[in-house]
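Trainee: Can you keep this structure in mind? I'll have questions shortly.
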Amino acid sequence: MKYAIISDIHSNLEAFERTLLEIDDIGVNWIICLGDIVGYGANPNECVDIIRERNIISIMGNHDVVACGRKEPIDFNPIARDAALWTRNELTTENKDFLNNLPQAKEIEDFLIVHGSLSDPDLYIFSNEDASMEFHLMDNYNICFFGHTHVRIYYVYLNNLIENFYDDNIGINGDNKYLINPGSVGQPRDRDPRASFLIYDHKDNEVKFIRLEYDIYSAQEKIILAGLDKRLAYRLSVGL
């Protein structure tokens with residue numbers, strides 16, 4: 001099986017559509033989304049519609065939780081809070097229901113998918129120390145894909161040692177455990193504004209990270225025309 005792993009689309013239709021074109025050109029068995037389909041960007045309904053229409057396997061992100069009304073954005077910064085509440089107002093009832101019914105984590109074949117971490121869907125994995133606690137929760141699984149940080153990275157656990165890498169390709173070794181973040185489709189935060197995702201080839205035990213140029217200007221223009229904070233548009237240009 002070959003999987004495309006995407007995360008943190010954040011209502012960025014231009015980045016999402018460009019990513020799907022590339023995925024379709026590559027050819028995969030399944031597309032998997034690690035959450036935060038909505039939030040920040042100006043096309044929440046269009047992005048959820050695509051997830052539903054294409055039967056993309058998805059889990060719930062922290063922005064999805066707020067957008068569907070299950071939780072209030074009490075721990076969001078003001079910009080994120082305003083965007084989340086705007087998104088909630090924009091979403092159709094059908095799309096809110098869809099988001100509300102997404103699981104917070106899922107087992108796929110012999111690997112795990114989460115939004116933030118295994119221990120807490122809202123927890124960020126930013127360091128080897130953060131990753132250490134999560135590796136001990138992986139039990140019989142040696143791969144867990146996670147999102148939330150918008151940073152492309154992977155952590156490897158072997159013989160009680162943890163290392164992190166930013167390589168473009170990973171050869172999966174069954175003796176190791178891996179925490180792998182594909183980065184963000186719609187709002188990268190690693191100072192590279194290109195959309196980010198990965199391909200996991202289960203048969204060949206390989207992971208390949210991919211970055212794509214997309215029409216950032218159109219995504220920015222929509223954010224501004226929607227009345228959302230202009231800083232949400234600016235950050236797309238700089239990958240922050």
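Residue names in the structure tokens use chain letters A, B, ... in the order shown, residue numbers from 1 in each chain, and ligand numbers from 1 in the order shown.
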Residues at most 8 Å from Gly69 (chain A), counting only C-alpha atoms, excluding those fewer than 6 positions away in the same chain, as a ChimeraX atom specification?
Mentor: /A:88,96,100
Trainee: Could you give me, as a ChimeraX atom specification, the residues within 9 Å of region 192-201 of chain A, counting only C-alpha atoms and dropping anything in the same chain fewer than 5 positions from it?
Mentor: /A:1-7,15-16,18-19,23,28,150-152,181-187,206-214,216,235-240
Trainee: What's the 10 Å shell around Leu112 (chain A), counting only C-alpha atoms, without same-chain residues fewer than 5 positions away, as a list in words?
Mentor: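 Residues near the query, excluding close chain neighbours: Ala105, Lys106, Glu107, Leu118, Met138, Tyr141, Asn142, Ile143, Cys144, Phe145, Phe146 and Leu179 of chain A.
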Trainee: Generate the output file for the selected residues, N, CA and C atoms, as a CSV table (one decimal), in the first residue's frame.
Mentor:
chain,number,residue,atom,x,y,z
A,105,ALA,N,-7.8,10.0,17.0
A,105,ALA,CA,-6.7,9.2,16.6
A,105,ALA,C,-7.2,8.0,15.9
A,106,LYS,N,-6.3,7.3,15.2
A,106,LYS,CA,-6.7,6.1,14.4
A,106,LYS,C,-5.5,5.2,14.2
A,107,GLU,N,-5.9,3.9,14.1
A,107,GLU,CA,-4.9,2.9,13.7
A,107,GLU,C,-5.1,2.6,12.2
A,118,LEU,N,0.1,11.2,20.9
A,118,LEU,CA,-0.6,10.1,21.5
A,118,LEU,C,-1.2,10.4,22.8
A,138,MET,N,3.7,4.0,22.2
A,138,MET,CA,3.5,3.4,20.9
A,138,MET,C,3.3,1.9,21.0
A,141,TYR,N,3.5,-0.6,17.9
A,141,TYR,CA,3.6,0.1,16.7
A,141,TYR,C,5.0,0.7,16.6
A,142,ASN,N,5.6,0.8,15.4
A,142,ASN,CA,6.9,1.4,15.3
A,142,ASN,C,6.8,2.7,14.5
A,143,ILE,N,5.6,3.1,14.0
A,143,ILE,CA,5.5,4.4,13.2
A,143,ILE,C,4.2,5.1,13.7
A,144,CYS,N,4.3,6.3,14.0
A,144,CYS,CA,3.2,7.2,14.3
A,144,CYS,C,3.4,8.5,13.5
A,145,PHE,N,2.4,8.9,12.7
A,145,PHE,CA,2.4,10.1,12.0
A,145,PHE,C,1.6,11.2,12.8
A,146,PHE,N,2.2,12.4,13.0
A,146,PHE,CA,1.6,13.4,13.7
A,146,PHE,C,1.7,14.8,13.0
A,179,LEU,N,8.5,8.8,14.9
A,179,LEU,CA,7.4,9.8,15.0
A,179,LEU,C,7.7,10.8,13.8
Trainee: Could you produce a table of the residues of region 70-183 of chain A lying within 9 Å of region 45-49 of chain A, with the nearest pair of atoms per residue and their separation in Å rounded to one decimal, using only C-alpha atoms, ordered by chain and increasing residue number, as a tab-separated table?
Mentor:
residue	atom	partner	partner_atom	distance
A:Thr87	CA	A:Asn45	CA	8.8
A:Glu90	CA	A:Asn45	CA	7.5
A:Leu91	CA	A:Asn45	CA	5.7
A:Thr92	CA	A:Asn45	CA	7.0
A:Asn95	CA	A:Val48	CA	6.5
A:Phe98	CA	A:Val48	CA	8.3
A:Leu99	CA	A:Val48	CA	8.3
Trainee: I'd like the neighbourhood of region 55-61 of chain A as a ChimeraX atom specification, where a residue qualifies if any of its atoms comes within 10 Å (using only C-alpha atoms), though same-chain residues fewer than 6 positions away should be ignored.
Mentor: /A:4-8,10,30-39,48-49,67,98-106,108,113-116,121-122,147-148
Trainee: Let me see the file: selected residues, C-alpha atoms, as a compact mmCIF listing (two decimals), in the first residue's frame.
Mentor:
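out_2.txt written:
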# COMPACT_ATOMS: atom_id res chain seq x y z
CA ALA A 4 -0.14 10.20 1.04
CA ILE A 5 -0.01 11.77 4.51
CA ILE A 6 -1.18 15.39 4.73
CA SER A 7 -1.89 17.66 7.70
CA ASP A 8 -2.94 21.16 8.71
CA HIS A 10 -6.23 25.19 7.43
CA TRP A 30 -5.13 6.19 0.29
CA ILE A 31 -4.83 9.81 1.36
CA ILE A 32 -4.72 10.41 5.12
CA CYS A 33 -5.25 13.79 6.82
CA LEU A 34 -3.90 14.35 10.34
CA GLY A 35 -6.39 17.08 11.23
CA ASP A 36 -6.91 20.84 11.17
CA ILE A 37 -8.74 20.78 7.88
CA VAL A 38 -10.08 24.24 8.75
CA GLY A 39 -9.01 27.38 10.59
CA VAL A 48 -14.10 19.93 4.02
CA ASP A 49 -16.18 19.18 0.93
CA ALA A 67 -14.99 25.10 14.34
CA PHE A 98 -18.66 15.80 9.66
CA LEU A 99 -15.91 17.46 11.71
CA ASN A 100 -17.70 16.68 14.96
CA ASN A 101 -17.73 12.97 14.14
CA LEU A 102 -14.05 12.64 13.27
CA PRO A 103 -11.94 10.49 15.64
CA GLN A 104 -9.05 12.05 17.54
CA ALA A 105 -6.66 9.24 16.61
CA LYS A 106 -6.72 6.14 14.44
CA ILE A 108 -4.14 2.38 9.97
CA ILE A 113 -2.10 8.65 13.21
CA VAL A 114 -2.67 11.51 15.68
CA HIS A 115 -2.98 15.27 15.43
CA GLY A 116 -0.75 16.52 18.24
CA PRO A 121 -4.31 15.69 20.73
CA ASP A 122 -3.49 19.30 21.70
CA GLY A 147 0.92 17.07 12.80
CA HIS A 148 -0.02 20.21 14.75
Trainee: By how many Å are CA of Leu20 (chain A) and CA of Asp168 (chain A) apart?
Mentor: 19.3 Å
Trainee: Write out as a PDB file with N, CA and C atoms, in the first residue's frame all residues of region 20-156 of chain A that backbone DSSP assigns to alpha helix (DSSP H).
Mentor:
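Saved file states34.pdb follows:
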ATOM      1  N   LEU A  20      -3.189  17.933  -3.923  1.00  0.00           N
ATOM      2  CA  LEU A  20      -3.940  16.795  -4.447  1.00  0.00           C
ATOM      3  C   LEU A  20      -3.581  16.483  -5.899  1.00  0.00           C
ATOM      4  N   LEU A  21      -3.308  17.513  -6.680  1.00  0.00           N
ATOM      5  CA  LEU A  21      -2.869  17.277  -8.057  1.00  0.00           C
ATOM      6  C   LEU A  21      -1.575  16.475  -8.084  1.00  0.00           C
ATOM      7  N   GLU A  22      -0.661  16.828  -7.205  1.00  0.00           N
ATOM      8  CA  GLU A  22       0.614  16.112  -7.139  1.00  0.00           C
ATOM      9  C   GLU A  22       0.409  14.680  -6.653  1.00  0.00           C
ATOM     10  N   ILE A  23      -0.432  14.508  -5.648  1.00  0.00           N
ATOM     11  CA  ILE A  23      -0.711  13.172  -5.119  1.00  0.00           C
ATOM     12  C   ILE A  23      -1.339  12.290  -6.199  1.00  0.00           C
ATOM     13  N   ASP A  24      -2.270  12.855  -6.935  1.00  0.00           N
ATOM     14  CA  ASP A  24      -2.921  12.087  -8.003  1.00  0.00           C
ATOM     15  C   ASP A  24      -1.922  11.699  -9.079  1.00  0.00           C
ATOM     16  N   ASP A  25      -0.972  12.574  -9.348  1.00  0.00           N
ATOM     17  CA  ASP A  25       0.044  12.281 -10.350  1.00  0.00           C
ATOM     18  C   ASP A  25       0.977  11.163  -9.874  1.00  0.00           C
ATOM     19  N   ILE A  26       1.272  11.157  -8.584  1.00  0.00           N
ATOM     20  CA  ILE A  26       2.128  10.111  -8.014  1.00  0.00           C
ATOM     21  C   ILE A  26       1.405   8.774  -8.017  1.00  0.00           C
ATOM     22  N   PRO A  44     -13.086  27.243   4.247  1.00  0.00           N
ATOM     23  CA  PRO A  44     -13.321  26.056   5.086  1.00  0.00           C
ATOM     24  C   PRO A  44     -14.278  25.044   4.466  1.00  0.00           C
ATOM     25  N   ASN A  45     -15.399  25.511   3.911  1.00  0.00           N
ATOM     26  CA  ASN A  45     -16.370  24.567   3.347  1.00  0.00           C
ATOM     27  C   ASN A  45     -15.798  23.819   2.148  1.00  0.00           C
ATOM     28  N   GLU A  46     -15.085  24.535   1.298  1.00  0.00           N
ATOM     29  CA  GLU A  46     -14.520  23.893   0.113  1.00  0.00           C
ATOM     30  C   GLU A  46     -13.525  22.797   0.497  1.00  0.00           C
ATOM     31  N   CYS A  47     -12.721  23.059   1.519  1.00  0.00           N
ATOM     32  CA  CYS A  47     -11.727  22.061   1.940  1.00  0.00           C
ATOM     33  C   CYS A  47     -12.398  20.844   2.582  1.00  0.00           C
ATOM     34  N   VAL A  48     -13.392  21.070   3.421  1.00  0.00           N
ATOM     35  CA  VAL A  48     -14.105  19.933   4.025  1.00  0.00           C
ATOM     36  C   VAL A  48     -14.860  19.155   2.952  1.00  0.00           C
ATOM     37  N   ASP A  49     -15.459  19.859   2.016  1.00  0.00           N
ATOM     38  CA  ASP A  49     -16.176  19.182   0.927  1.00  0.00           C
ATOM     39  C   ASP A  49     -15.252  18.219   0.181  1.00  0.00           C
ATOM     40  N   ILE A  50     -14.036  18.660  -0.098  1.00  0.00           N
ATOM     41  CA  ILE A  50     -13.087  17.801  -0.819  1.00  0.00           C
ATOM     42  C   ILE A  50     -12.736  16.576   0.013  1.00  0.00           C
ATOM     43  N   ILE A  51     -12.503  16.770   1.294  1.00  0.00           N
ATOM     44  CA  ILE A  51     -12.209  15.638   2.190  1.00  0.00           C
ATOM     45  C   ILE A  51     -13.334  14.620   2.134  1.00  0.00           C
ATOM     46  N   ARG A  52     -14.558  15.110   2.193  1.00  0.00           N
ATOM     47  CA  ARG A  52     -15.718  14.212   2.182  1.00  0.00           C
ATOM     48  C   ARG A  52     -15.895  13.537   0.824  1.00  0.00           C
ATOM     49  N   GLU A  53     -15.819  14.313  -0.240  1.00  0.00           N
ATOM     50  CA  GLU A  53     -16.064  13.781  -1.582  1.00  0.00           C
ATOM     51  C   GLU A  53     -15.026  12.749  -1.995  1.00  0.00           C
ATOM     52  N   ASN A  62      -7.256  20.438  16.531  1.00  0.00           N
ATOM     53  CA  ASN A  62      -7.773  21.365  17.542  1.00  0.00           C
ATOM     54  C   ASN A  62      -8.612  22.484  16.932  1.00  0.00           C
ATOM     55  N   HIS A  63      -8.314  22.894  15.708  1.00  0.00           N
ATOM     56  CA  HIS A  63      -9.139  23.915  15.052  1.00  0.00           C
ATOM     57  C   HIS A  63     -10.466  23.316  14.574  1.00  0.00           C
ATOM     58  N   ASP A  64     -10.434  22.060  14.176  1.00  0.00           N
ATOM     59  CA  ASP A  64     -11.670  21.384  13.773  1.00  0.00           C
ATOM     60  C   ASP A  64     -12.626  21.263  14.953  1.00  0.00           C
ATOM     61  N   VAL A  65     -12.078  20.967  16.130  1.00  0.00           N
ATOM     62  CA  VAL A  65     -12.890  20.822  17.344  1.00  0.00           C
ATOM     63  C   VAL A  65     -13.643  22.116  17.640  1.00  0.00           C
ATOM     64  N   VAL A  66     -12.948  23.234  17.520  1.00  0.00           N
ATOM     65  CA  VAL A  66     -13.563  24.535  17.808  1.00  0.00           C
ATOM     66  C   VAL A  66     -14.541  24.926  16.705  1.00  0.00           C
ATOM     67  N   ALA A  67     -14.155  24.686  15.466  1.00  0.00           N
ATOM     68  CA  ALA A  67     -14.987  25.105  14.335  1.00  0.00           C
ATOM     69  C   ALA A  67     -16.338  24.399  14.326  1.00  0.00           C
ATOM     70  N   PRO A  78      -5.559  35.488  20.214  1.00  0.00           N
ATOM     71  CA  PRO A  78      -6.672  36.273  19.659  1.00  0.00           C
ATOM     72  C   PRO A  78      -6.876  36.122  18.161  1.00  0.00           C
ATOM     73  N   ILE A  79      -5.791  36.054  17.389  1.00  0.00           N
ATOM     74  CA  ILE A  79      -5.927  35.926  15.938  1.00  0.00           C
ATOM     75  C   ILE A  79      -6.534  34.580  15.580  1.00  0.00           C
ATOM     76  N   ALA A  80      -6.022  33.521  16.202  1.00  0.00           N
ATOM     77  CA  ALA A  80      -6.544  32.174  15.932  1.00  0.00           C
ATOM     78  C   ALA A  80      -7.986  32.043  16.400  1.00  0.00           C
ATOM     79  N   ARG A  81      -8.293  32.668  17.561  1.00  0.00           N
ATOM     80  CA  ARG A  81      -9.661  32.610  18.094  1.00  0.00           C
ATOM     81  C   ARG A  81     -10.651  33.264  17.147  1.00  0.00           C
ATOM     82  N   ASP A  82     -10.323  34.450  16.671  1.00  0.00           N
ATOM     83  CA  ASP A  82     -11.239  35.154  15.763  1.00  0.00           C
ATOM     84  C   ASP A  82     -11.436  34.367  14.471  1.00  0.00           C
ATOM     85  N   ALA A  83     -10.350  33.787  13.964  1.00  0.00           N
ATOM     86  CA  ALA A  83     -10.454  32.997  12.730  1.00  0.00           C
ATOM     87  C   ALA A  83     -11.283  31.741  12.951  1.00  0.00           C
ATOM     88  N   ALA A  84     -11.138  31.115  14.119  1.00  0.00           N
ATOM     89  CA  ALA A  84     -11.895  29.898  14.429  1.00  0.00           C
ATOM     90  C   ALA A  84     -13.388  30.196  14.535  1.00  0.00           C
ATOM     91  N   LEU A  85     -13.725  31.306  15.156  1.00  0.00           N
ATOM     92  CA  LEU A  85     -15.141  31.665  15.302  1.00  0.00           C
ATOM     93  C   LEU A  85     -15.730  32.097  13.954  1.00  0.00           C
ATOM     94  N   TRP A  86     -14.927  32.763  13.135  1.00  0.00           N
ATOM     95  CA  TRP A  86     -15.376  33.100  11.778  1.00  0.00           C
ATOM     96  C   TRP A  86     -15.649  31.818  11.000  1.00  0.00           C
ATOM     97  N   THR A  87     -14.758  30.857  11.131  1.00  0.00           N
ATOM     98  CA  THR A  87     -14.915  29.576  10.440  1.00  0.00           C
ATOM     99  C   THR A  87     -16.178  28.859  10.896  1.00  0.00           C
ATOM    100  N   ARG A  88     -16.430  28.867  12.199  1.00  0.00           N
ATOM    101  CA  ARG A  88     -17.638  28.226  12.736  1.00  0.00           C
ATOM    102  C   ARG A  88     -18.893  28.839  12.115  1.00  0.00           C
ATOM    103  N   ASN A  89     -18.870  30.134  11.946  1.00  0.00           N
ATOM    104  CA  ASN A  89     -20.026  30.824  11.356  1.00  0.00           C
ATOM    105  C   ASN A  89     -20.184  30.504   9.873  1.00  0.00           C
ATOM    106  N   GLU A  90     -19.080  30.239   9.193  1.00  0.00           N
ATOM    107  CA  GLU A  90     -19.100  29.974   7.753  1.00  0.00           C
ATOM    108  C   GLU A  90     -19.484  28.537   7.409  1.00  0.00           C
ATOM    109  N   THR A  93     -23.988  23.199   8.167  1.00  0.00           N
ATOM    110  CA  THR A  93     -24.347  22.239   9.205  1.00  0.00           C
ATOM    111  C   THR A  93     -23.766  20.869   8.899  1.00  0.00           C
ATOM    112  N   GLU A  94     -23.824  20.476   7.630  1.00  0.00           N
ATOM    113  CA  GLU A  94     -23.300  19.167   7.229  1.00  0.00           C
ATOM    114  C   GLU A  94     -21.803  19.063   7.489  1.00  0.00           C
ATOM    115  N   ASN A  95     -21.068  20.125   7.211  1.00  0.00           N
ATOM    116  CA  ASN A  95     -19.623  20.080   7.420  1.00  0.00           C
ATOM    117  C   ASN A  95     -19.256  20.152   8.896  1.00  0.00           C
ATOM    118  N   LYS A  96     -20.043  20.875   9.692  1.00  0.00           N
ATOM    119  CA  LYS A  96     -19.827  20.861  11.140  1.00  0.00           C
ATOM    120  C   LYS A  96     -20.056  19.462  11.700  1.00  0.00           C
ATOM    121  N   ASP A  97     -21.116  18.818  11.255  1.00  0.00           N
ATOM    122  CA  ASP A  97     -21.403  17.458  11.716  1.00  0.00           C
ATOM    123  C   ASP A  97     -20.271  16.504  11.330  1.00  0.00           C
ATOM    124  N   PHE A  98     -19.760  16.659  10.115  1.00  0.00           N
ATOM    125  CA  PHE A  98     -18.662  15.803   9.665  1.00  0.00           C
ATOM    126  C   PHE A  98     -17.450  15.971  10.576  1.00  0.00           C
ATOM    127  N   LEU A  99     -17.062  17.213  10.849  1.00  0.00           N
ATOM    128  CA  LEU A  99     -15.913  17.464  11.715  1.00  0.00           C
ATOM    129  C   LEU A  99     -16.151  16.933  13.121  1.00  0.00           C
ATOM    130  N   ASN A 100     -17.362  17.109  13.602  1.00  0.00           N
ATOM    131  CA  ASN A 100     -17.697  16.684  14.961  1.00  0.00           C
ATOM    132  C   ASN A 100     -17.592  15.174  15.135  1.00  0.00           C
ATOM    133  N   ASN A 128      13.143  16.459  21.323  1.00  0.00           N
ATOM    134  CA  ASN A 128      13.397  15.061  21.648  1.00  0.00           C
ATOM    135  C   ASN A 128      12.758  14.685  22.977  1.00  0.00           C
ATOM    136  N   GLU A 129      12.750  15.623  23.906  1.00  0.00           N
ATOM    137  CA  GLU A 129      12.128  15.368  25.202  1.00  0.00           C
ATOM    138  C   GLU A 129      10.625  15.148  25.055  1.00  0.00           C
ATOM    139  N   ASP A 130       9.985  15.977  24.240  1.00  0.00           N
ATOM    140  CA  ASP A 130       8.547  15.793  23.975  1.00  0.00           C
ATOM    141  C   ASP A 130       8.299  14.432  23.330  1.00  0.00           C
ATOM    142  N   ALA A 131       9.157  14.067  22.385  1.00  0.00           N
ATOM    143  CA  ALA A 131       8.984  12.805  21.662  1.00  0.00           C
ATOM    144  C   ALA A 131       9.183  11.600  22.569  1.00  0.00           C
ATOM    145  N   SER A 132      10.051  11.727  23.553  1.00  0.00           N
ATOM    146  CA  SER A 132      10.376  10.593  24.418  1.00  0.00           C
ATOM    147  C   SER A 132       9.144  10.003  25.073  1.00  0.00           C
ATOM    148  N   MET A 133       8.284  10.842  25.621  1.00  0.00           N
ATOM    149  CA  MET A 133       7.068  10.366  26.277  1.00  0.00           C
ATOM    150  C   MET A 133       6.154   9.649  25.299  1.00  0.00           C
ATOM    151  N   GLU A 134       6.102  10.133  24.063  1.00  0.00           N
ATOM    152  CA  GLU A 134       5.202   9.544  23.079  1.00  0.00           C
ATOM    153  C   GLU A 134       5.699   8.179  22.593  1.00  0.00           C
ATOM    154  N   PHE A 135       7.001   8.030  22.451  1.00  0.00           N
ATOM    155  CA  PHE A 135       7.534   6.737  22.014  1.00  0.00           C
ATOM    156  C   PHE A 135       7.128   5.614  22.973  1.00  0.00           C
TER     157      PHE A 135
END
Trainee: Using CA of Gly174 (chain A) and CA of Asn140 (chain A) as the two end points, give the distance in Å to one decimal.
Mentor: 11.2 Å
Trainee: Find the distance between CA of Asn205 (chain A) and CA of Ile172 (chain A) and write it in Å to one decimal.
Mentor: 5.1 Å
Trainee: Step one, run DSSP on the backbone; step two, keep only residues of region 49-232 of chain A assigned to strand (DSSP E or B); then write them as a PyMOL selection string.
Mentor: chain A and resi 57-58+105-108+111-114+143-145+152-158+161-165+169-171+177-182+195-201+206-212
Trainee: Go ahead and write the residues just picked, C-alpha atoms, as a short mmCIF file (atom, residue, chain, number, x, y, z; two decimals), in the first residue's frame.
Mentor:
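again-v8.cif was written with the following content:
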data_model
loop_
_atom_site.label_atom_id
_atom_site.label_comp_id
_atom_site.auth_asym_id
_atom_site.auth_seq_id
_atom_site.Cartn_x
_atom_site.Cartn_y
_atom_site.Cartn_z
CA ILE A 57 -9.21 9.28 5.90
CA SER A 58 -9.16 12.04 8.51
CA ALA A 105 -6.66 9.24 16.61
CA LYS A 106 -6.72 6.14 14.44
CA GLU A 107 -4.88 2.91 13.68
CA ILE A 108 -4.14 2.38 9.97
CA PHE A 111 0.83 2.44 12.09
CA LEU A 112 -0.85 5.18 14.11
CA ILE A 113 -2.10 8.65 13.21
CA VAL A 114 -2.67 11.51 15.68
CA ILE A 143 5.46 4.35 13.25
CA CYS A 144 3.20 7.21 14.32
CA PHE A 145 2.42 10.14 12.02
CA ARG A 152 8.38 18.88 8.75
CA ILE A 153 10.54 16.61 10.92
CA TYR A 154 10.94 13.06 12.12
CA TYR A 155 12.18 11.52 15.37
CA VAL A 156 13.83 8.12 15.65
CA TYR A 157 14.01 6.00 18.82
CA LEU A 158 16.60 3.20 19.06
CA LEU A 161 18.32 7.13 22.26
CA ILE A 162 16.27 9.72 20.34
CA GLU A 163 17.46 11.71 17.34
CA ASN A 164 15.60 14.08 15.02
CA PHE A 165 16.14 14.61 11.32
CA ASN A 169 13.74 10.53 2.60
CA ILE A 170 13.50 7.89 5.32
CA GLY A 171 14.28 4.21 5.03
CA LYS A 177 10.39 3.58 16.31
CA TYR A 178 9.45 6.68 14.33
CA LEU A 179 7.42 9.82 14.99
CA ILE A 180 6.97 11.51 11.62
CA ASN A 181 5.47 14.93 10.86
CA PRO A 182 4.66 15.69 7.19
CA ALA A 195 3.00 23.21 0.85
CA SER A 196 4.40 20.17 2.62
CA PHE A 197 3.30 16.52 2.73
CA LEU A 198 4.77 13.03 2.47
CA ILE A 199 4.37 9.70 0.72
CA TYR A 200 4.67 6.51 2.77
CA ASP A 201 5.37 3.41 0.70
CA GLU A 206 10.18 4.30 2.55
CA VAL A 207 8.96 7.79 3.38
CA LYS A 208 9.47 10.70 1.00
CA PHE A 209 8.80 14.33 1.94
CA ILE A 210 7.55 16.64 -0.81
CA ARG A 211 7.34 20.45 -1.03
CA LEU A 212 5.22 22.29 -3.61
#
